[in-house]
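Enquirer: This is run37.pdb (PDB, C-alpha atoms).
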ATOM      1  CA  MET C 727      18.678  47.577  52.316  1.00  0.00           C
ATOM      2  CA  PHE C 728      17.719  46.300  55.729  1.00  0.00           C
ATOM      3  CA  LYS C 729      19.484  48.126  58.571  1.00  0.00           C
ATOM      4  CA  ARG C 730      19.520  47.319  62.249  1.00  0.00           C
ATOM      5  CA  ALA C 731      18.087  49.861  64.666  1.00  0.00           C
ATOM      6  CA  GLU C 732      21.318  49.628  66.655  1.00  0.00           C
ATOM      7  CA  GLU C 733      24.689  48.588  65.291  1.00  0.00           C
ATOM      8  CA  THR C 734      26.108  47.359  68.600  1.00  0.00           C
ATOM      9  CA  GLY C 735      28.151  44.262  69.194  1.00  0.00           C
ATOM     10  CA  ALA C 736      29.894  42.026  66.722  1.00  0.00           C
ATOM     11  CA  PRO C 737      28.243  38.962  65.204  1.00  0.00           C
ATOM     12  CA  SER C 738      28.864  35.991  67.447  1.00  0.00           C
ATOM     13  CA  LEU C 739      26.969  33.066  65.897  1.00  0.00           C
ATOM     14  CA  SER C 740      27.743  31.216  62.678  1.00  0.00           C
ATOM     15  CA  PHE C 741      25.161  29.483  60.497  1.00  0.00           C
ATOM     16  CA  THR C 742      24.773  28.607  56.843  1.00  0.00           C
ATOM     17  CA  PHE C 743      22.207  29.648  54.258  1.00  0.00           C
ATOM     18  CA  GLU C 744      22.236  27.675  51.025  1.00  0.00           C
ATOM     19  CA  GLY C 745      25.698  26.433  52.024  1.00  0.00           C
ATOM     20  CA  LYS C 746      27.085  29.959  52.467  1.00  0.00           C
ATOM     21  CA  ALA C 747      28.575  30.783  55.879  1.00  0.00           C
ATOM     22  CA  LEU C 748      26.878  33.756  57.566  1.00  0.00           C
ATOM     23  CA  LYS C 749      27.122  35.494  60.936  1.00  0.00           C
ATOM     24  CA  ALA C 750      24.351  36.543  63.305  1.00  0.00           C
ATOM     25  CA  ARG C 751      24.058  38.252  66.647  1.00  0.00           C
ATOM     26  CA  ASN C 752      22.755  36.560  69.777  1.00  0.00           C
ATOM     27  CA  GLY C 753      18.968  36.886  69.784  1.00  0.00           C
ATOM     28  CA  ASP C 754      18.610  37.382  66.014  1.00  0.00           C
ATOM     29  CA  THR C 755      15.845  35.529  64.293  1.00  0.00           C
ATOM     30  CA  ILE C 756      16.830  33.730  61.122  1.00  0.00           C
ATOM     31  CA  ALA C 757      14.844  36.308  59.138  1.00  0.00           C
ATOM     32  CA  ALA C 758      16.681  39.239  60.759  1.00  0.00           C
ATOM     33  CA  ALA C 759      20.075  37.619  60.195  1.00  0.00           C
ATOM     34  CA  LEU C 760      19.285  36.832  56.548  1.00  0.00           C
ATOM     35  CA  LEU C 761      18.010  40.339  55.885  1.00  0.00           C
ATOM     36  CA  ALA C 762      21.144  41.781  57.511  1.00  0.00           C
ATOM     37  CA  ALA C 763      23.170  39.580  55.114  1.00  0.00           C
ATOM     38  CA  ASP C 764      21.217  41.083  52.187  1.00  0.00           C
ATOM     39  CA  GLU C 765      19.297  37.856  51.472  1.00  0.00           C
ATOM     40  CA  ARG C 766      15.788  38.639  50.247  1.00  0.00           C
ATOM     41  CA  ILE C 767      14.379  35.404  48.802  1.00  0.00           C
ATOM     42  CA  PHE C 768      13.510  32.797  51.422  1.00  0.00           C
ATOM     43  CA  ARG C 769      11.179  30.515  49.470  1.00  0.00           C
ATOM     44  CA  THR C 770       9.198  30.063  46.264  1.00  0.00           C
ATOM     45  CA  THR C 771       5.455  29.507  46.015  1.00  0.00           C
ATOM     46  CA  PRO C 772       4.134  26.016  45.199  1.00  0.00           C
ATOM     47  CA  VAL C 773       2.124  26.859  42.051  1.00  0.00           C
ATOM     48  CA  THR C 774       4.000  29.638  40.227  1.00  0.00           C
ATOM     49  CA  GLU C 775       7.404  29.412  41.944  1.00  0.00           C
ATOM     50  CA  THR C 776       7.214  33.128  42.691  1.00  0.00           C
ATOM     51  CA  PRO C 777      10.010  34.231  45.046  1.00  0.00           C
ATOM     52  CA  ARG C 778       8.940  35.281  48.531  1.00  0.00           C
ATOM     53  CA  GLY C 779      10.654  36.938  51.450  1.00  0.00           C
ATOM     54  CA  PRO C 780       9.624  38.140  54.892  1.00  0.00           C
ATOM     55  CA  PHE C 781       6.553  40.337  54.961  1.00  0.00           C
ATOM     56  CA  CYS C 782       5.055  40.651  58.434  1.00  0.00           C
ATOM     57  CA  LEU C 783       8.021  39.503  60.573  1.00  0.00           C
ATOM     58  CA  MET C 784       5.623  38.410  63.320  1.00  0.00           C
ATOM     59  CA  GLY C 785       4.539  34.911  62.297  1.00  0.00           C
ATOM     60  CA  VAL C 786       1.250  35.717  60.552  1.00  0.00           C
ATOM     61  CA  CYS C 787       1.925  35.614  56.790  1.00  0.00           C
ATOM     62  CA  PHE C 788       4.122  32.498  56.268  1.00  0.00           C
ATOM     63  CA  ASP C 789       6.088  34.161  53.447  1.00  0.00           C
ATOM     64  CA  CYS C 790       9.377  33.465  55.245  1.00  0.00           C
ATOM     65  CA  LEU C 791       9.162  29.656  55.316  1.00  0.00           C
ATOM     66  CA  VAL C 792      12.566  27.965  55.179  1.00  0.00           C
ATOM     67  CA  GLU C 793      14.090  24.573  55.841  1.00  0.00           C
ATOM     68  CA  ILE C 794      16.097  24.508  59.073  1.00  0.00           C
ATOM     69  CA  ASP C 795      18.408  21.578  59.749  1.00  0.00           C
ATOM     70  CA  GLY C 796      16.399  19.462  57.314  1.00  0.00           C
ATOM     71  CA  VAL C 797      12.977  20.385  58.725  1.00  0.00           C
ATOM     72  CA  PRO C 798      10.760  22.263  56.217  1.00  0.00           C
ATOM     73  CA  ASN C 799       7.951  24.780  56.828  1.00  0.00           C
ATOM     74  CA  ARG C 800       9.745  26.716  59.579  1.00  0.00           C
ATOM     75  CA  GLN C 801       9.017  30.425  59.920  1.00  0.00           C
ATOM     76  CA  ALA C 802      12.330  32.276  59.746  1.00  0.00           C
ATOM     77  CA  CYS C 803      10.845  35.230  61.621  1.00  0.00           C
ATOM     78  CA  MET C 804       9.922  33.077  64.625  1.00  0.00           C
ATOM     79  CA  VAL C 805      13.109  31.018  65.094  1.00  0.00           C
ATOM     80  CA  GLN C 806      16.262  32.386  66.710  1.00  0.00           C
ATOM     81  CA  VAL C 807      19.579  31.568  65.097  1.00  0.00           C
ATOM     82  CA  GLU C 808      21.595  28.896  66.869  1.00  0.00           C
ATOM     83  CA  GLU C 809      25.245  28.103  66.310  1.00  0.00           C
ATOM     84  CA  GLY C 810      25.781  25.799  63.337  1.00  0.00           C
ATOM     85  CA  MET C 811      22.221  25.877  61.975  1.00  0.00           C
ATOM     86  CA  GLN C 812      21.860  24.894  58.344  1.00  0.00           C
ATOM     87  CA  VAL C 813      19.161  26.939  56.626  1.00  0.00           C
ATOM     88  CA  ARG C 814      17.946  26.452  53.058  1.00  0.00           C
ATOM     89  CA  ARG C 815      15.361  28.114  50.848  1.00  0.00           C
ATOM     90  CA  GLN C 816      12.110  26.233  50.649  1.00  0.00           C
ATOM     91  CA  SER C 817      11.154  25.442  47.069  1.00  0.00           C
ATOM     92  CA  GLY C 818       7.399  25.164  46.628  1.00  0.00           C
ATOM     93  CA  SER C 819       5.422  23.172  49.160  1.00  0.00           C
ATOM     94  CA  ALA C 820       6.838  20.688  51.631  1.00  0.00           C
ATOM     95  CA  GLU C 821       5.141  17.811  53.336  1.00  0.00           C
ATOM     96  CA  VAL C 822       4.148  18.589  56.902  1.00  0.00           C
ATOM     97  CA  ILE C 823       6.173  16.534  59.369  1.00  0.00           C
ATOM     98  CA  SER C 824       4.420  15.798  62.637  1.00  0.00           C
TER      99      SER C 824
END
Translate the structure of the given file into structure tokens.
Expert:
Amino acid sequence: MFKRAEETGAPSLSFTFEGKALKARNGDTIAAALLAADERIFRTTPVTETPRGPFCLMGVCFDCLVEIDGVPNRQACMVQVEEGMQVRRQSGSAEVIS
């Protein structure tokens, strides 16, 4: 299980993942908040639909792609949680929106 280095402060932000209400701390990335909530599968691969979760947590591997507020292909490890965000798993590939 993922554990925070420091367990200080209570969660203060609310967001949803797959319609489920979750809490996060100020400054958490979406990936950190989801891991703290024991969520491990963030997306599935386009060809084999293999489940994927965060790997590098620094924006290099793209295994943590999610849909945030209706926008696909967002890296959960690079985006901080904001109040009221709606996050969903990304299923397969998504069209790039410019």
Enquirer: I need the residue set behind the PyMOL selection byres ((chain C and resi 756) around 9) for this file; please write it as a PyMOL selection string.
Expert: chain C and resi 750+754-755+757-761+801-808+813
Enquirer: Can you translate the PyMOL selection byres ((chain C and resi 789) around 12) into the concrete residues it hits in this file, as a ChimeraX atom specification?
Expert: /C:757,766-772,776-788,790-792,799-804,815-819
Enquirer: Considering only C-alpha atoms, state which residue in the set C:Val773, C:Glu765, C:Arg751, C:Thr742 is at the smallest distance from Glu793 of chain C.
Expert: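 Once distances to Glu793 of chain C are computed over only C-alpha atoms, the minimum belongs to C:Thr742.
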Enquirer: If you measure from atom CA of Ser738 of chain C to atom CA of Asp764 of chain C, what distance in Å do you get, rounded to one decimal?
Expert: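 Atom CA of Ser738 of chain C sits 17.8 Å away from atom CA of Asp764 of chain C.
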Enquirer: Under the rule that all atoms listed in the file are counted, which of C:Ala763, C:Val797, C:Glu775, C:Glu821 is the nearest residue to Phe741 of chain C?
Expert: C:Ala763
Enquirer: Tell me which of C:Gly810, C:Ile794, C:Thr774, C:Ala820 sits closest to Leu748 of chain C, counting all atoms listed in the file.
Expert: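 Smallest distance to Leu748 of chain C is found for C:Gly810.
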Enquirer: Centre and edge lengths of an axis-aligned box around all listed atoms of segment 772-782 of chain C, with 6 Å added on each side, are to be given in Å to one decimal, as lines of an AutoDock Vina configuration file.
Expert:
center_x = 6.4
center_y = 33.3
center_z = 49.3
size_x = 20.5
size_y = 26.6
size_z = 30.2
Enquirer: May I ask which of the residues C:Lys749, C:Phe743, C:Ala762, C:Gly796 is the closest one to Glu809 of chain C, counting all atoms listed in the file?
Expert: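 Checking each candidate against Glu809 of chain C, we get C:Lys749 as the closest.
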Enquirer: Got a moment to write segment 788-802 of chain C out with all heavy atoms, as a compact mmCIF listing (two decimals), in the first residue's frame?
Expert:
# COMPACT_ATOMS: atom_id res chain seq x y z
N PHE C 788 4.06 8.07 -19.01
CA PHE C 788 2.69 8.18 -19.51
C PHE C 788 1.79 7.01 -19.12
O PHE C 788 0.75 6.80 -19.73
CB PHE C 788 2.66 8.38 -21.04
CG PHE C 788 3.31 9.66 -21.46
CD1 PHE C 788 4.66 9.70 -21.78
CD2 PHE C 788 2.59 10.84 -21.50
CE1 PHE C 788 5.27 10.88 -22.15
CE2 PHE C 788 3.19 12.03 -21.86
CZ PHE C 788 4.54 12.06 -22.19
N ASP C 789 2.15 6.24 -18.11
CA ASP C 789 1.28 5.15 -17.65
C ASP C 789 0.15 5.65 -16.77
O ASP C 789 -0.77 4.90 -16.47
CB ASP C 789 2.09 4.08 -16.90
CG ASP C 789 2.66 3.04 -17.84
OD1 ASP C 789 2.14 2.91 -18.97
OD2 ASP C 789 3.61 2.35 -17.46
N CYS C 790 0.18 6.89 -16.35
CA CYS C 790 -0.84 7.42 -15.44
C CYS C 790 -1.86 8.32 -16.15
O CYS C 790 -2.52 9.13 -15.51
CB CYS C 790 -0.19 8.17 -14.28
SG CYS C 790 0.68 9.68 -14.77
N LEU C 791 -2.03 8.16 -17.46
CA LEU C 791 -2.96 9.01 -18.19
C LEU C 791 -4.39 8.82 -17.68
O LEU C 791 -4.86 7.70 -17.50
CB LEU C 791 -2.92 8.71 -19.68
CG LEU C 791 -1.64 9.09 -20.42
CD1 LEU C 791 -1.76 8.69 -21.89
CD2 LEU C 791 -1.33 10.57 -20.28
N VAL C 792 -5.07 9.94 -17.46
CA VAL C 792 -6.46 9.94 -17.02
C VAL C 792 -7.22 11.03 -17.78
O VAL C 792 -6.62 11.85 -18.48
CB VAL C 792 -6.59 10.21 -15.49
CG1 VAL C 792 -6.01 9.07 -14.67
CG2 VAL C 792 -5.95 11.53 -15.11
N GLU C 793 -8.52 11.02 -17.61
CA GLU C 793 -9.36 12.09 -18.14
C GLU C 793 -9.70 13.00 -16.97
O GLU C 793 -10.20 12.54 -15.94
CB GLU C 793 -10.64 11.49 -18.72
CG GLU C 793 -11.58 12.51 -19.27
CD GLU C 793 -12.86 11.88 -19.79
OE1 GLU C 793 -12.78 11.03 -20.69
OE2 GLU C 793 -13.94 12.22 -19.25
N ILE C 794 -9.42 14.29 -17.11
CA ILE C 794 -9.68 15.26 -16.06
C ILE C 794 -10.68 16.29 -16.58
O ILE C 794 -10.41 16.96 -17.58
CB ILE C 794 -8.39 15.97 -15.60
CG1 ILE C 794 -7.36 14.96 -15.13
CG2 ILE C 794 -8.71 17.00 -14.51
CD1 ILE C 794 -5.99 15.55 -14.87
N ASP C 795 -11.81 16.38 -15.92
CA ASP C 795 -12.86 17.32 -16.31
C ASP C 795 -13.17 17.22 -17.80
O ASP C 795 -13.31 18.23 -18.49
CB ASP C 795 -12.49 18.75 -15.91
CG ASP C 795 -12.45 18.94 -14.40
OD1 ASP C 795 -13.18 18.22 -13.70
OD2 ASP C 795 -11.69 19.80 -13.93
N GLY C 796 -13.21 16.00 -18.31
CA GLY C 796 -13.57 15.76 -19.70
C GLY C 796 -12.43 15.85 -20.70
O GLY C 796 -12.62 15.61 -21.88
N VAL C 797 -11.23 16.17 -20.24
CA VAL C 797 -10.07 16.29 -21.12
C VAL C 797 -9.20 15.05 -20.95
O VAL C 797 -8.66 14.81 -19.87
CB VAL C 797 -9.25 17.57 -20.81
CG1 VAL C 797 -8.04 17.66 -21.74
CG2 VAL C 797 -10.12 18.80 -20.92
N PRO C 798 -9.04 14.24 -22.04
CA PRO C 798 -8.25 13.02 -21.94
C PRO C 798 -6.75 13.28 -22.04
O PRO C 798 -6.32 14.41 -22.30
CB PRO C 798 -8.72 12.21 -23.15
CG PRO C 798 -9.10 13.24 -24.15
CD PRO C 798 -9.66 14.40 -23.35
N ASN C 799 -5.97 12.22 -21.84
CA ASN C 799 -4.51 12.24 -22.02
C ASN C 799 -3.79 13.16 -21.05
O ASN C 799 -2.75 13.74 -21.38
CB ASN C 799 -4.14 12.62 -23.46
CG ASN C 799 -4.61 11.62 -24.46
OD1 ASN C 799 -4.54 10.41 -24.23
ND2 ASN C 799 -5.14 12.10 -25.57
N ARG C 800 -4.30 13.32 -19.84
CA ARG C 800 -3.64 14.14 -18.83
C ARG C 800 -2.83 13.23 -17.92
O ARG C 800 -3.28 12.17 -17.52
CB ARG C 800 -4.66 14.91 -17.99
CG ARG C 800 -5.61 15.81 -18.77
CD ARG C 800 -4.95 17.04 -19.37
NE ARG C 800 -4.15 17.80 -18.44
CZ ARG C 800 -4.60 18.75 -17.63
NH1 ARG C 800 -5.87 19.07 -17.62
NH2 ARG C 800 -3.78 19.38 -16.82
N GLN C 801 -1.63 13.63 -17.60
CA GLN C 801 -0.76 12.86 -16.72
C GLN C 801 -1.12 13.15 -15.26
O GLN C 801 -0.93 14.25 -14.77
CB GLN C 801 0.70 13.20 -16.98
CG GLN C 801 1.20 12.67 -18.31
CD GLN C 801 2.61 13.12 -18.57
OE1 GLN C 801 2.83 14.24 -18.98
NE2 GLN C 801 3.57 12.23 -18.30
N ALA C 802 -1.63 12.13 -14.58
CA ALA C 802 -2.07 12.30 -13.19
C ALA C 802 -0.92 12.70 -12.28
O ALA C 802 -1.14 13.37 -11.27
CB ALA C 802 -2.72 11.02 -12.70
